[in-house]
Each structure stands twice: as C-alpha cells, then as structure tokens.
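Peer 1: The structure file target.tsv (TSV, C-alpha atoms and all ligand atoms) is provided below.
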chain	number	residue	atom	x	y	z
A	1	MET	CA	43.38	-0.79	15.02
A	2	LYS	CA	46.49	-0.51	12.89
A	3	ARG	CA	45.71	0.33	9.28
A	4	VAL	CA	47.44	-1.52	6.46
A	5	GLN	CA	49.40	0.99	4.39
A	6	LEU	CA	49.66	1.02	0.59
A	7	GLU	CA	53.40	0.29	0.84
A	8	GLU	CA	52.60	-3.05	2.49
A	9	ILE	CA	50.96	-4.32	-0.71
A	10	GLU	CA	53.25	-6.76	-2.45
A	11	GLY	CA	55.01	-5.16	-5.41
A	12	ILE	CA	54.12	-1.58	-4.41
A	13	GLY	CA	56.98	0.69	-3.49
A	14	LYS	CA	57.12	4.27	-2.32
A	15	ALA	CA	56.78	5.79	-5.80
A	16	THR	CA	53.70	3.74	-6.75
A	17	ALA	CA	52.10	4.42	-3.37
A	18	LYS	CA	52.63	8.14	-3.90
A	19	ARG	CA	51.14	7.95	-7.38
A	20	LEU	CA	48.09	6.06	-6.06
A	21	ARG	CA	47.52	8.51	-3.21
A	22	LYS	CA	47.73	11.42	-5.63
A	23	ALA	CA	45.04	9.77	-7.73
A	24	GLY	CA	42.78	9.55	-4.67
A	25	TYR	CA	43.43	5.97	-3.54
A	26	THR	CA	44.57	6.48	0.01
A	27	SER	CA	43.66	3.13	1.51
A	28	VAL	CA	44.15	-0.54	0.63
A	29	GLU	CA	40.40	-1.06	1.15
A	30	ALA	CA	39.52	1.55	-1.49
A	31	LEU	CA	42.03	0.12	-3.92
A	32	ALA	CA	40.75	-3.43	-3.47
A	33	VAL	CA	37.26	-2.47	-4.65
A	34	THR	CA	38.29	-0.20	-7.51
A	35	PRO	CA	37.53	-1.36	-11.04
A	36	ALA	CA	40.90	-1.78	-12.83
A	37	ARG	CA	39.73	0.37	-15.73
A	38	GLU	CA	39.02	3.27	-13.40
A	39	LEU	CA	42.43	2.92	-11.76
A	40	MET	CA	44.09	2.90	-15.16
A	41	GLN	CA	42.43	6.19	-16.09
A	42	LYS	CA	42.78	8.02	-12.77
A	43	ALA	CA	46.36	6.97	-11.97
A	44	GLY	CA	47.45	7.28	-15.59
A	45	TYR	CA	48.50	3.67	-16.34
A	46	LYS	CA	48.95	2.93	-20.02
A	47	ASP	CA	47.71	-0.65	-19.92
A	48	LEU	CA	44.88	-2.39	-18.09
A	49	ALA	CA	47.10	-5.28	-16.96
A	50	SER	CA	49.21	-3.04	-14.69
A	51	ALA	CA	46.09	-1.67	-13.02
A	52	GLU	CA	44.66	-5.17	-12.65
A	53	ARG	CA	47.84	-6.37	-10.95
A	54	ILE	CA	47.63	-3.58	-8.37
A	55	VAL	CA	43.97	-4.18	-7.57
A	56	GLU	CA	44.59	-7.91	-7.27
A	57	ALA	CA	47.57	-7.37	-4.97
A	58	ALA	CA	45.48	-5.03	-2.79
A	59	ARG	CA	42.81	-7.72	-2.48
A	60	LYS	CA	45.41	-10.31	-1.50
A	61	THR	CA	46.82	-7.98	1.13
A	62	LEU	CA	43.39	-7.76	2.75
A	63	GLY	CA	43.09	-11.52	2.52
A	64	ALA	CA	39.91	-11.20	0.51
A	65	SER	CA	39.01	-14.67	-0.57
A	66	SER	CA	36.76	-15.16	-3.56
A	67	PHE	CA	35.06	-18.22	-2.10
A	68	THR	CA	33.30	-18.50	1.20
A	69	THR	CA	30.46	-20.56	2.67
A	70	ALA	CA	27.00	-19.33	3.58
A	71	TRP	CA	27.95	-20.16	7.18
A	72	GLU	CA	30.83	-17.69	7.05
A	73	HIS	CA	28.44	-15.13	5.62
A	74	TRP	CA	25.91	-15.82	8.39
A	75	LYS	CA	28.58	-15.40	11.09
A	76	LEU	CA	29.76	-12.17	9.49
A	77	THR	CA	26.28	-10.71	9.40
A	78	ARG	CA	25.76	-11.37	13.16
A	79	ASN	CA	27.69	-8.19	13.95
A	80	ARG	CA	25.25	-6.17	11.88
A	81	MET	CA	23.86	-3.26	13.91
A	82	ARG	CA	20.76	-1.08	13.65
A	83	CYS	CA	20.33	2.61	14.30
A	84	THR	CA	17.14	4.24	15.50
A	85	THR	CA	15.57	6.98	13.38
A	86	GLY	CA	14.03	8.53	16.49
A	87	SER	CA	10.61	7.12	15.59
A	88	ARG	CA	9.68	3.63	16.83
A	89	THR	CA	7.11	3.19	14.08
A	90	LEU	CA	9.63	4.11	11.38
A	91	ASP	CA	12.22	1.83	13.02
A	92	ALA	CA	9.72	-1.04	13.03
A	93	LEU	CA	8.96	-0.43	9.37
A	94	LEU	CA	12.69	-0.77	8.67
A	95	GLY	CA	12.93	-4.00	10.68
A	96	GLY	CA	14.50	-2.29	13.71
A	97	GLY	CA	16.16	0.83	12.30
A	98	VAL	CA	18.72	1.63	9.63
A	99	GLU	CA	21.12	-1.32	9.33
A	100	THR	CA	24.86	-1.56	8.86
A	101	ARG	CA	26.42	-3.44	5.93
A	102	ALA	CA	23.61	-2.09	3.75
A	103	ILE	CA	22.40	0.95	1.84
A	104	THR	CA	19.08	2.45	2.92
A	105	GLU	CA	17.50	4.86	0.46
A	106	PHE	CA	14.95	7.54	1.34
A	107	VAL	CA	13.27	8.92	-1.74
A	108	GLY	CA	10.44	11.38	-2.19
A	109	PRO	CA	9.41	14.82	-3.45
A	110	TYR	CA	10.78	18.07	-1.99
A	111	GLY	CA	9.87	18.70	1.60
A	112	SER	CA	8.98	15.06	2.22
A	113	GLY	CA	11.50	14.80	5.07
A	114	LYS	CA	14.58	13.17	3.49
A	115	THR	CA	17.08	15.68	4.86
A	116	GLN	CA	15.31	15.77	8.22
A	117	ILE	CA	15.75	12.00	8.55
A	118	CYS	CA	19.45	12.33	7.65
A	119	LEU	CA	20.01	15.10	10.20
A	120	THR	CA	18.26	13.09	12.90
A	121	LEU	CA	20.23	9.94	12.08
A	122	SER	CA	23.48	11.89	12.22
A	123	VAL	CA	22.67	12.51	15.88
A	124	THR	CA	21.10	9.15	16.85
A	125	ALA	CA	23.99	7.19	15.26
A	126	GLN	CA	26.22	8.67	17.96
A	127	LEU	CA	24.15	7.08	20.74
A	128	PRO	CA	25.64	3.89	22.22
A	129	PRO	CA	24.23	0.59	20.90
A	130	GLU	CA	22.31	0.02	24.17
A	131	ASN	CA	20.39	3.22	23.33
A	132	GLU	CA	19.80	2.01	19.77
A	133	GLY	CA	22.61	4.02	18.19
A	134	LEU	CA	25.74	2.79	16.46
A	135	GLY	CA	28.18	4.27	18.97
A	136	GLY	CA	30.23	5.97	16.30
A	137	ASN	CA	30.83	9.11	14.30
A	138	VAL	CA	29.10	10.23	11.12
A	139	LEU	CA	30.34	11.21	7.68
A	140	PHE	CA	27.84	13.49	5.94
A	141	PHE	CA	28.20	14.12	2.20
A	142	ASP	CA	26.09	17.18	1.45
A	143	THR	CA	25.62	17.49	-2.31
A	144	GLU	CA	22.75	20.01	-2.19
A	145	GLY	CA	24.03	22.46	0.42
A	146	THR	CA	21.10	21.75	2.73
A	147	PHE	CA	22.99	20.41	5.75
A	148	SER	CA	21.90	22.47	8.78
A	149	SER	CA	24.19	22.60	11.81
A	150	ASP	CA	21.53	24.66	13.61
A	151	ARG	CA	19.06	21.85	13.15
A	152	VAL	CA	21.59	19.23	14.35
A	153	TYR	CA	22.22	21.42	17.41
A	154	GLN	CA	18.47	21.60	18.06
A	155	ILE	CA	17.90	17.86	17.60
A	156	ALA	CA	20.86	16.90	19.81
A	157	ALA	CA	19.80	19.32	22.57
A	158	ASN	CA	16.22	18.05	22.48
A	159	LEU	CA	17.41	14.44	22.68
A	160	GLY	CA	19.38	15.33	25.81
A	161	LEU	CA	22.83	15.16	24.22
A	162	ASN	CA	25.61	17.72	24.37
A	163	PRO	CA	24.95	19.61	21.11
A	164	GLU	CA	28.51	20.84	20.69
A	165	GLN	CA	29.89	17.33	21.09
A	166	ALA	CA	27.29	16.02	18.64
A	167	LEU	CA	28.47	18.58	16.05
A	168	HIS	CA	32.11	17.63	16.63
A	169	ASN	CA	31.26	14.00	15.85
A	170	ILE	CA	29.90	14.76	12.39
A	171	ILE	CA	32.44	15.01	9.58
A	172	LEU	CA	30.97	17.17	6.86
A	173	SER	CA	31.93	17.08	3.21
A	174	ARG	CA	30.24	19.55	0.86
A	175	ILE	CA	30.24	17.99	-2.61
A	176	TYR	CA	30.27	20.22	-5.72
A	177	THR	CA	30.25	17.87	-8.72
A	178	SER	CA	29.75	14.19	-9.52
A	179	ASP	CA	33.53	13.81	-10.05
A	180	HIS	CA	34.10	15.32	-6.62
A	181	GLN	CA	31.52	12.95	-5.18
A	182	VAL	CA	33.32	9.92	-6.65
A	183	LEU	CA	36.73	11.14	-5.49
A	184	MET	CA	35.60	11.82	-1.92
A	185	LEU	CA	34.20	8.30	-1.67
A	186	ASP	CA	37.68	6.97	-2.41
A	187	TYR	CA	39.01	9.04	0.49
A	188	ALA	CA	36.13	7.91	2.71
A	189	PHE	CA	37.52	4.38	3.11
A	190	GLN	CA	40.47	5.65	5.11
A	191	LYS	CA	38.62	8.46	6.86
A	192	CYS	CA	35.82	6.19	8.11
A	193	ALA	CA	38.28	3.63	9.47
A	194	GLU	CA	40.43	6.24	11.21
A	195	GLU	CA	37.55	8.22	12.70
A	196	ASN	CA	35.31	5.33	13.80
A	197	VAL	CA	32.57	6.40	11.40
A	198	LYS	CA	29.51	4.17	11.74
A	199	LEU	CA	27.11	6.06	9.48
A	200	VAL	CA	27.75	7.55	6.04
A	201	ILE	CA	25.06	9.81	4.59
A	202	VAL	CA	24.84	11.02	1.00
A	203	ASP	CA	22.15	13.73	0.71
A	204	SER	CA	21.38	13.42	-2.14
A	205	VAL	CA	23.13	10.77	-4.15
A	206	ILE	CA	21.61	11.85	-7.45
A	207	SER	CA	21.51	15.65	-7.74
A	208	HIS	CA	24.88	16.21	-9.48
A	209	PHE	CA	24.38	13.24	-11.77
A	210	ARG	CA	20.99	14.60	-12.79
A	211	SER	CA	22.16	18.13	-13.41
A	212	GLU	CA	25.41	17.29	-15.21
A	213	PHE	CA	24.18	14.57	-17.54
A	214	VAL	CA	21.35	16.12	-19.49
A	215	GLY	CA	19.69	14.46	-22.46
A	216	ARG	CA	19.16	10.87	-23.52
A	217	GLU	CA	22.54	10.49	-25.19
A	218	THR	CA	24.36	10.93	-21.86
A	219	LEU	CA	22.15	8.55	-19.92
A	220	ALA	CA	24.27	5.42	-20.42
A	221	GLU	CA	27.43	7.20	-19.26
A	222	ARG	CA	25.64	8.64	-16.24
A	223	GLN	CA	24.21	5.30	-15.19
A	224	GLN	CA	27.59	3.61	-15.58
A	225	LYS	CA	29.26	6.17	-13.35
A	226	LEU	CA	26.45	6.05	-10.80
A	227	ASN	CA	26.62	2.26	-10.80
A	228	GLU	CA	30.32	2.22	-9.96
A	229	TYR	CA	29.71	4.78	-7.24
A	230	MET	CA	26.91	2.76	-5.66
A	231	HIS	CA	28.92	-0.46	-5.73
A	232	LYS	CA	31.77	1.24	-3.95
A	233	LEU	CA	29.39	2.67	-1.38
A	234	LEU	CA	28.08	-0.80	-0.63
A	235	ARG	CA	31.61	-2.18	-0.29
A	236	LEU	CA	32.37	0.61	2.19
A	237	ALA	CA	29.34	-0.47	4.23
A	238	GLU	CA	30.38	-4.13	4.13
A	239	ILE	CA	34.09	-3.73	4.81
A	240	LEU	CA	33.69	-1.36	7.76
A	241	ASN	CA	30.34	-2.68	9.05
A	242	LEU	CA	28.77	0.75	8.83
A	243	ALA	CA	25.36	2.02	7.74
A	244	VAL	CA	24.97	3.94	4.50
A	245	VAL	CA	21.95	6.18	4.01
A	246	VAL	CA	21.32	7.89	0.70
A	247	THR	CA	18.52	10.19	-0.36
A	248	ASN	CA	17.09	10.24	-3.84
A	249	GLN	CA	14.80	12.60	-5.69
A	250	ALA	CA	11.40	11.91	-7.12
A	251	GLN	CA	11.06	12.11	-10.86
A	252	ALA	CA	7.84	12.82	-12.73
A	253	ASN	CA	6.85	9.86	-14.85
A	254	PRO	CA	6.37	11.29	-18.35
A	255	ALA	CA	4.48	8.25	-19.55
A	256	ALA	CA	1.73	9.17	-17.15
A	257	TRP	CA	1.28	12.78	-18.26
A	258	GLY	CA	-2.20	13.38	-19.51
A	259	TYR	CA	-4.05	11.28	-17.09
A	260	THR	CA	-2.43	10.53	-13.75
A	261	ILE	CA	0.86	12.05	-12.78
A	262	THR	CA	2.81	9.54	-10.76
A	263	ASP	CA	6.25	10.15	-9.36
A	264	ARG	CA	8.94	7.52	-9.34
A	265	PRO	CA	12.47	7.40	-7.91
A	266	ALA	CA	15.20	8.96	-10.05
A	267	GLY	CA	18.29	6.90	-10.89
A	268	GLY	CA	16.43	4.09	-12.63
A	269	HIS	CA	17.58	0.47	-12.39
A	270	VAL	CA	20.98	1.38	-11.01
A	271	LEU	CA	19.64	2.73	-7.73
A	272	ALA	CA	16.93	0.07	-7.66
A	273	HIS	CA	19.55	-2.68	-7.73
A	274	ALA	CA	22.16	-1.05	-5.53
A	275	CYS	CA	20.02	0.02	-2.57
A	276	THR	CA	19.25	-2.66	-0.02
A	277	THR	CA	16.10	-1.12	1.43
A	278	ARG	CA	14.14	1.59	-0.36
A	279	VAL	CA	11.68	3.88	1.41
A	280	TRP	CA	9.28	6.26	-0.31
A	281	LEU	CA	8.32	9.37	1.68
A	282	ARG	CA	5.38	11.68	1.18
A	283	ARG	CA	3.60	14.46	3.03
A	284	ALA	CA	0.33	13.86	4.83
A	285	GLU	CA	-2.07	16.31	6.49
A	286	GLY	CA	-1.11	18.13	9.71
A	287	GLY	CA	2.61	18.15	8.96
A	288	LYS	CA	2.81	14.37	9.18
A	289	ARG	CA	4.80	12.19	6.82
A	290	ILE	CA	4.14	8.72	5.42
A	291	ALA	CA	6.99	6.29	4.85
A	292	LYS	CA	6.54	3.24	2.65
A	293	VAL	CA	9.03	0.40	2.24
A	294	PHE	CA	8.69	-0.54	-1.41
A	295	ASP	CA	11.77	-2.69	-1.97
A	296	SER	CA	13.64	-4.82	0.55
A	297	PRO	CA	15.28	-8.27	0.55
A	298	CYS	CA	13.54	-9.24	3.80
A	299	LEU	CA	10.81	-6.74	4.70
A	300	PRO	CA	7.20	-6.74	3.50
A	301	GLU	CA	5.77	-3.76	1.62
A	302	ALA	CA	4.14	-1.59	4.28
A	303	GLU	CA	3.65	2.04	5.27
A	304	ARG	CA	3.71	3.97	8.55
A	305	ILE	CA	3.23	7.58	9.73
A	306	PHE	CA	5.80	9.71	11.55
A	307	LYS	CA	6.26	13.43	12.15
A	308	ILE	CA	9.02	16.02	12.03
A	309	THR	CA	9.49	17.99	15.25
A	310	GLU	CA	12.13	19.86	17.20
A	311	LYS	CA	13.47	16.42	18.20
A	312	GLY	CA	13.95	15.52	14.55
A	313	ILE	CA	11.87	12.48	13.67
A	314	GLU	CA	9.21	11.28	16.09
A	315	ASP	CA	6.23	8.99	16.41
A	316	VAL	CA	2.77	10.37	15.91
A	317	LYS	CA	1.05	9.93	19.26
A	318	GLU	CA	-2.26	8.08	19.15
A	319	THR	CA	-5.18	10.27	20.24
A	401	LIG	N1	12.14	22.22	13.47
A	401	LIG	C1	11.19	21.67	12.70
A	401	LIG	N2	10.02	21.29	13.24
A	401	LIG	C2	9.07	20.74	12.48
A	401	LIG	N3	9.18	20.54	11.15
A	401	LIG	C3	10.32	20.89	10.56
A	401	LIG	C4	11.38	21.47	11.31
A	401	LIG	N4	12.38	21.72	10.45
A	401	LIG	C5	11.96	21.32	9.24
A	401	LIG	N5	10.72	20.82	9.30
A	401	LIG	C6	9.91	20.30	8.19
A	401	LIG	O1	10.74	19.65	7.28
A	401	LIG	C7	10.42	20.07	5.95
A	401	LIG	C8	11.63	19.99	5.07
A	401	LIG	O2	11.98	18.64	4.93
A	401	LIG	P1	13.31	18.17	4.25
A	401	LIG	O3	14.26	19.31	4.17
A	401	LIG	O4	13.75	16.95	4.95
A	401	LIG	O5	12.80	17.83	2.80
A	401	LIG	P2	13.53	16.98	1.67
A	401	LIG	O6	12.73	15.75	1.50
A	401	LIG	O7	14.95	16.83	2.04
A	401	LIG	O8	13.31	17.92	0.42
A	401	LIG	P3	14.30	18.32	-0.78
A	401	LIG	O9	13.99	17.34	-1.88
A	401	LIG	O10	13.90	19.70	-1.11
A	401	LIG	O11	15.70	18.21	-0.28
A	401	LIG	C9	9.92	21.45	6.10
A	401	LIG	O12	9.01	21.75	5.07
A	401	LIG	C10	9.21	21.40	7.44
A	401	LIG	O13	7.89	20.98	7.21
A	402	MG	MG	16.73	17.57	1.27
Show me this structure written as structure tokens.
Ligand SMILES: Nc1ncnc2c1ncn2[C@@H]1O[C@H](COP(=O)(O)OP(=O)(O)OP(=O)(O)O)[C@@H](O)[C@H]1O
Ligand SMILES: [Mg+2]
Peer 2:
Amino acid sequence: MKRVQLEEIEGIGKATAKRLRKAGYTSVEALAVTPARELMQKAGYKDLASAERIVEAARKTLGASSFTTAWEHWKLTRNRMRCTTGSRTLDALLGGGVETRAITEFVGPYGSGKTQICLTLSVTAQLPPENEGLGGNVLFFDTEGTFSSDRVYQIAANLGLNPEQALHNIILSRIYTSDHQVLMLDYAFQKCAEENVKLVIVDSVISHFRSEFVGRETLAERQQKLNEYMHKLLRLAEILNLAVVVTNQAQANPAAWGYTITDRPAGGHVLAHACTTRVWLRRAEGGKRIAKVFDSPCLPEAERIFKITEKGIEDVKET
C-alpha cells in the first residue's frame, strides 16, 4: 500500500515537511490526530492558528469526514479481528481474544502475569487469522526493561513456530522517559503501516508517568499528558485496524489503610476512560492466575483461571 507523504498535504512544502519530521511527525496519520497545541509546541510554531491549519489539512488529505452514519461504523467494525492469548478460557473471557481497533488493559500487582501475557501475545499475533492470530508483526514498547527475548524464543518454540523468525517479527522499542514514550508513539504511525504491525504492546503504560510526576501538584499535568497519549494510542488502533495492549500497575488505595488494603489500577480516570476492555490479574494457589474483566463496553463482569507455562499462557486442565 502506498503511503501518503507529508508533502502531499495541501499547503505543505518541502521545508514544512522537514520541520514536521524533525519534530517527530513522520506520517500524515500521526499529524491528523495531533492536538494543535502540541504541534505548536513541538514544531515551534508561534501561533495556534498555523498549527491548526496543518492538522486540519492533514485530516482533509486522509479524507477524514467528521460525520458518518452508524451503518458506516458497523461496516467498518466488521473487519475487526481477534488474537488468541494462548488460553481458551482467557480468550472466552475477552469475548474471543484481544481485539483490534481497541485498547485492552491488563492490570495487577507484580508477578501477576502482565508481562507474560504480552510476551505470549507477541508470538500468537504472528499466527495467521485461521489459527486465531492477526497475521502480522508486533511493536513492543518496553518501558520497564522486562522484555525477554529468551522467553519469546521459548514460547515460540513450544508453540511449534520458528523461534528465530518469531523474534525477527517483533520490533522492540525500549522507552526511557515519558517524553520518549510520547515521541515514539508519533513515529509508530508510520512504522506500523510500513511493517504490517497488527499488535502494539506498551508494557507498562504508566511506569514513567508515575516515577516522573511525584506529588499532588503534578497530578493534573501528568493526567493531561497521559490522556493525550492514550487518545493517540486509540487512534492508532482505529486507523490501522490493529490491537493495542497496555499493562498497568496496581496502586495501594490509601483510603483503605487501617482496615482492608485494597489495590486499584493506577492512572485514575484517564486510563479508566481510555481503555476499551480492562482486565484485573491476580495470583492464585499452585502458580495459577485469575483474570477478571471489570470494565468493558460489551462484556459482562466475570473471572477465569489460567496458568503460565513454558508455552506462555495456557488453560488450566480440569482434573
Ligand atoms: N517459563 C515459565 N514457566 C512458568 N511460569 C513462569 C515462567 N516464566 C515466568 N513465569 C511466571 O511469571 C511470573 C512473572 O510474571 P510477570 O513478569 O508477567 O509479572 P508482571 O505482572 O509483569 O509483574 P511486574 O508488575 O513486576 O511487571 C513469575 O513470577 C513466574 O511465576
Ligand atoms: Mg511486567
């Protein structure tokens, strides 16, 4: 598929295109979903109107219409795909696996299996659709330095795939700060289109935001930045019909100190609103894990058991 270049946007010449690329906007798709205020700051425009004109022109180039019918929406969502997690019970809990055009969030305390699910998905997404994969490549944003190529190798080999090929099909991006995380998402629009990426993973979405913005007075700024990031992530999923999986950390609920200590997802309302399906993970006895869907537009609240093995994620066999 031929990609539309920045120079093809009406009113954008070579110099402006160069300036935009330098600021991190390498694709028309990324530009079309960028808030004008952000573009003004990053590309160094003095007034908001200039930035607004560019974003608007990018949208027009893509033919993005502001009005549509529910019928158009329905037709568009027919090409939605689902990716197996490796466990039938977990797939069933998710309504058939992790879906494209949506953000699926896995949240839970340390060791609950979030990264293990991501590593497994980064292999299963490569399977063809008839084998419940997405038939594409994977972009893995590793913000915590916990990506394990050894584990991917092991999972791929145990699922009967060529492990070296499976590793070649995963594009890895180690993320060092929240600014870096935001910038790399801008680049992802072009990368995902060029490399037939069908699954984008952010493990975890929250760690840099949590460690850089400390104290109540920075909370509003953090949430604003996280909100813009999540919106862009969802647009990436929608525009390229790919699945986005994010992990999130559990946060102790201070209000409950003293009598029961309950954990809740970090990221507050921003993540609650932005994620399409939210799954809480916790450990159970015998190395098993429990997954609970606690927020979804179309799935009931329910929980199921799975286990982590050399194959990645698997069903717990009935005895
Ligand atoms: N090959 C394996 N076979 C069985 N279990 C494994 C294997 N590899 C890892 N595990 C299990 O996975 C657990 C780690 O899970 P994971 O790294 O997904 O946690 P997490 O939810 O991402 O935690 P964190 O918040 O620290 O990132 C280990 O404690 C171990 O129980
Ligand atoms: Mg992890």
Peer 1: Could you give me, as CSV, every chain A residue with an atom at most 9 Å from ligand LIG 401 (chain A), plus its closest atom pair and distance in Å to one decimal, counting all atoms listed in the file, rows ordered by chain then number?
Peer 2:
residue,atom,partner,partner_atom,distance
A:Phe106,CA,A:LIG401,O6,8.5
A:Val107,CA,A:LIG401,O6,7.6
A:Gly108,CA,A:LIG401,O6,6.2
A:Pro109,CA,A:LIG401,O9,5.5
A:Tyr110,CA,A:LIG401,O9,3.3
A:Gly111,CA,A:LIG401,O5,3.3
A:Ser112,CA,A:LIG401,O6,3.9
A:Gly113,CA,A:LIG401,O4,3.1
A:Lys114,CA,A:LIG401,O6,3.7
A:Thr115,CA,A:LIG401,O4,3.6
A:Gln116,CA,A:LIG401,O4,3.8
A:Ile117,CA,A:LIG401,O4,6.4
A:Cys118,CA,A:LIG401,O4,7.8
A:Leu119,CA,A:LIG401,O4,8.4
A:Glu144,CA,A:LIG401,O11,7.5
A:Thr146,CA,A:LIG401,O11,7.1
A:Phe147,CA,A:LIG401,O3,8.9
A:Arg151,CA,A:LIG401,N1,6.9
A:Gln154,CA,A:LIG401,N1,7.8
A:Ile155,CA,A:LIG401,N1,8.3
A:Asp203,CA,A:LIG401,O11,7.9
A:Ser204,CA,A:LIG401,O11,7.7
A:Thr247,CA,A:LIG401,O7,7.9
A:Asn248,CA,A:LIG401,O9,8.0
A:Gln249,CA,A:LIG401,O9,6.1
A:Ala250,CA,A:LIG401,O9,8.0
A:Leu281,CA,A:LIG401,O6,7.8
A:Arg282,CA,A:LIG401,O6,8.4
A:Arg283,CA,A:LIG401,O13,8.9
A:Gly287,CA,A:LIG401,O13,6.2
A:Lys288,CA,A:LIG401,O13,8.6
A:Lys307,CA,A:LIG401,N3,7.8
A:Ile308,CA,A:LIG401,N3,4.6
A:Thr309,CA,A:LIG401,N2,3.9
A:Glu310,CA,A:LIG401,N1,4.4
A:Lys311,CA,A:LIG401,N1,7.6
A:Gly312,CA,A:LIG401,C1,7.0
A:Ile313,CA,A:LIG401,C2,8.8
Peer 1: Provide the CA of Gly136 in chain A to CA of Val197 in chain A distance in Å, to one decimal place.
Peer 2: 5.4 Å
Peer 1: Quick check, in Å to one decimal: how far apart do CA of Arg101 in chain A and CA of Leu240 in chain A lie?
Peer 2: 7.8 Å
Peer 1: Report, in Å with one decimal, the straight-line distance from CA of Gln41 in chain A to CA of Asn241 in chain A.
Peer 2: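 If I compute the distance from CA of Gln41 in chain A to CA of Asn241 in chain A, I get 29.3 Å.
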Peer 1: I'd like to know which of A:Leu62, A:Val316, A:Cys83, A:Ala30 is closest to Gly133 in chain A, using all atoms listed in the file.
Peer 2: A:Cys83
Peer 1: Near Tyr176 in chain A, within 12 Å and counting all atoms listed in the file, which residues show up once chain neighbours fewer than 2 positions away are dropped, as a ChimeraX atom specification?
Peer 2: /A:141-145,173-174,178-184,204-205,207-209,211-212
Peer 1: Need the shell around Lys18 in chain A: protein/DNA/RNA residues with any atom at most 12 Å away, counting all atoms listed in the file. Skip same-chain ones fewer than 4 positions apart. Format as a list in words?
Peer 2: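 Listing them by chain and then by number gives Gln5, Leu6, Glu7, Ile12, Gly13, Lys14, Lys22, Ala23, Gly24, Tyr25, Thr26, Ser27 and Ala43 of chain A.
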Peer 1: Give the answer as one residue: which of A:Thr85, A:Gly215, A:Ser148, A:Ile170 has the shortest atom-to-atom distance to ligand MG 402 (chain A), using all atoms listed in the file?
Peer 2: A:Ser148
Peer 1: Kindly indicate which residue among A:Asn196, A:Ala220, A:Ala156, A:Val202 lies nearest to ligand MG 402 (chain A), using all atoms listed in the file for the distances.
Peer 2: A:Val202
Peer 1: With only C-alpha atoms and all ligand atoms as the atoms that count, which of A:Trp74, A:Thr89, A:Asn227, A:Ile201 lies nearest to ligand MG 402 (chain A)?
Peer 2: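 Closest candidate: A:Ile201.
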Peer 1: Any idea what's packed within 8 Å of Thr100 in chain A, counting all atoms listed in the file, ignoring anything in its chain fewer than 4 positions away? Could you give it as a ChimeraX atom specification?
Peer 2: /A:80-82,198-199,237-238,241-244
Peer 1: Kindly indicate which residue among A:Leu161, A:Val55, A:Leu139, A:Val246 lies nearest to ligand MG 402 (chain A), using only C-alpha atoms and all ligand atoms for the distances.
Peer 2: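 Looking only at the distances to ligand MG 402 (chain A), the closest residue turns out to be A:Val246.
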Peer 1: Show me, as a VMD selection string, the residues that have an atom within 12 Å of Ala36 in chain A when counting all atoms listed in the file, minus same-chain residues fewer than 5 positions from it.
Peer 2: chain A and resid 30 to 31 41 to 58 228
Peer 1: When you count only C-alpha atoms and all ligand atoms, which of these residues is closest to ligand MG 402 (chain A): A:Asn79, A:Thr177, A:Thr69, A:Ile206?
Peer 2: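 Result for the nearest residue to ligand MG 402 (chain A): A:Ile206.
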Peer 1: Around the point (15.7, -0.5, 13.0) (coordinates from the file), which residues reach within 12 Å if we count all atoms listed in the file? Answer as a PyMOL selection string.
Peer 2: chain A and resi 80-100+104+121+124-125+129+131-134+243+277+299
Peer 1: Contacts of range 300-303 of chain A at 7 Å or less, counting all atoms listed in the file, minus same-chain residues fewer than 2 places along, as a PyMOL selection string?
Peer 2: chain A and resi 290-294+298
Peer 1: Start from the incomplete input, build N, CA and C atoms for range 44-55 of chain A, and deliver everything as a PDB file, keeping the file's coordinate frame.
Peer 2:
ATOM      1  N   GLY A  44      46.678   7.085 -14.371  1.00  0.00           N
ATOM      2  CA  GLY A  44      47.450   7.280 -15.590  1.00  0.00           C
ATOM      3  C   GLY A  44      48.293   6.087 -16.029  1.00  0.00           C
ATOM      4  N   TYR A  45      47.773   4.854 -15.839  1.00  0.00           N
ATOM      5  CA  TYR A  45      48.500   3.670 -16.340  1.00  0.00           C
ATOM      6  C   TYR A  45      48.162   3.484 -17.811  1.00  0.00           C
ATOM      7  N   LYS A  46      49.172   3.049 -18.573  1.00  0.00           N
ATOM      8  CA  LYS A  46      48.950   2.930 -20.020  1.00  0.00           C
ATOM      9  C   LYS A  46      48.179   1.660 -20.367  1.00  0.00           C
ATOM     10  N   ASP A  47      48.401   0.603 -19.581  1.00  0.00           N
ATOM     11  CA  ASP A  47      47.710  -0.650 -19.920  1.00  0.00           C
ATOM     12  C   ASP A  47      46.866  -1.140 -18.741  1.00  0.00           C
ATOM     13  N   LEU A  48      45.821  -1.884 -19.090  1.00  0.00           N
ATOM     14  CA  LEU A  48      44.880  -2.390 -18.090  1.00  0.00           C
ATOM     15  C   LEU A  48      45.549  -3.409 -17.173  1.00  0.00           C
ATOM     16  N   ALA A  49      46.473  -4.198 -17.735  1.00  0.00           N
ATOM     17  CA  ALA A  49      47.100  -5.280 -16.960  1.00  0.00           C
ATOM     18  C   ALA A  49      47.819  -4.740 -15.712  1.00  0.00           C
ATOM     19  N   SER A  50      48.504  -3.609 -15.849  1.00  0.00           N
ATOM     20  CA  SER A  50      49.210  -3.040 -14.690  1.00  0.00           C
ATOM     21  C   SER A  50      48.216  -2.679 -13.594  1.00  0.00           C
ATOM     22  N   ALA A  51      47.105  -2.061 -13.999  1.00  0.00           N
ATOM     23  CA  ALA A  51      46.090  -1.670 -13.020  1.00  0.00           C
ATOM     24  C   ALA A  51      45.481  -2.904 -12.376  1.00  0.00           C
ATOM     25  N   GLU A  52      45.253  -3.931 -13.183  1.00  0.00           N
ATOM     26  CA  GLU A  52      44.660  -5.170 -12.650  1.00  0.00           C
ATOM     27  C   GLU A  52      45.571  -5.814 -11.606  1.00  0.00           C
ATOM     28  N   ARG A  53      46.878  -5.781 -11.895  1.00  0.00           N
ATOM     29  CA  ARG A  53      47.840  -6.370 -10.950  1.00  0.00           C
ATOM     30  C   ARG A  53      47.786  -5.668  -9.587  1.00  0.00           C
ATOM     31  N   ILE A  54      47.655  -4.353  -9.626  1.00  0.00           N
ATOM     32  CA  ILE A  54      47.630  -3.580  -8.370  1.00  0.00           C
ATOM     33  C   ILE A  54      46.364  -3.883  -7.564  1.00  0.00           C
ATOM     34  N   VAL A  55      45.232  -3.910  -8.265  1.00  0.00           N
ATOM     35  CA  VAL A  55      43.970  -4.180  -7.570  1.00  0.00           C
ATOM     36  C   VAL A  55      43.996  -5.581  -6.958  1.00  0.00           C
TER      37      VAL A  55
END
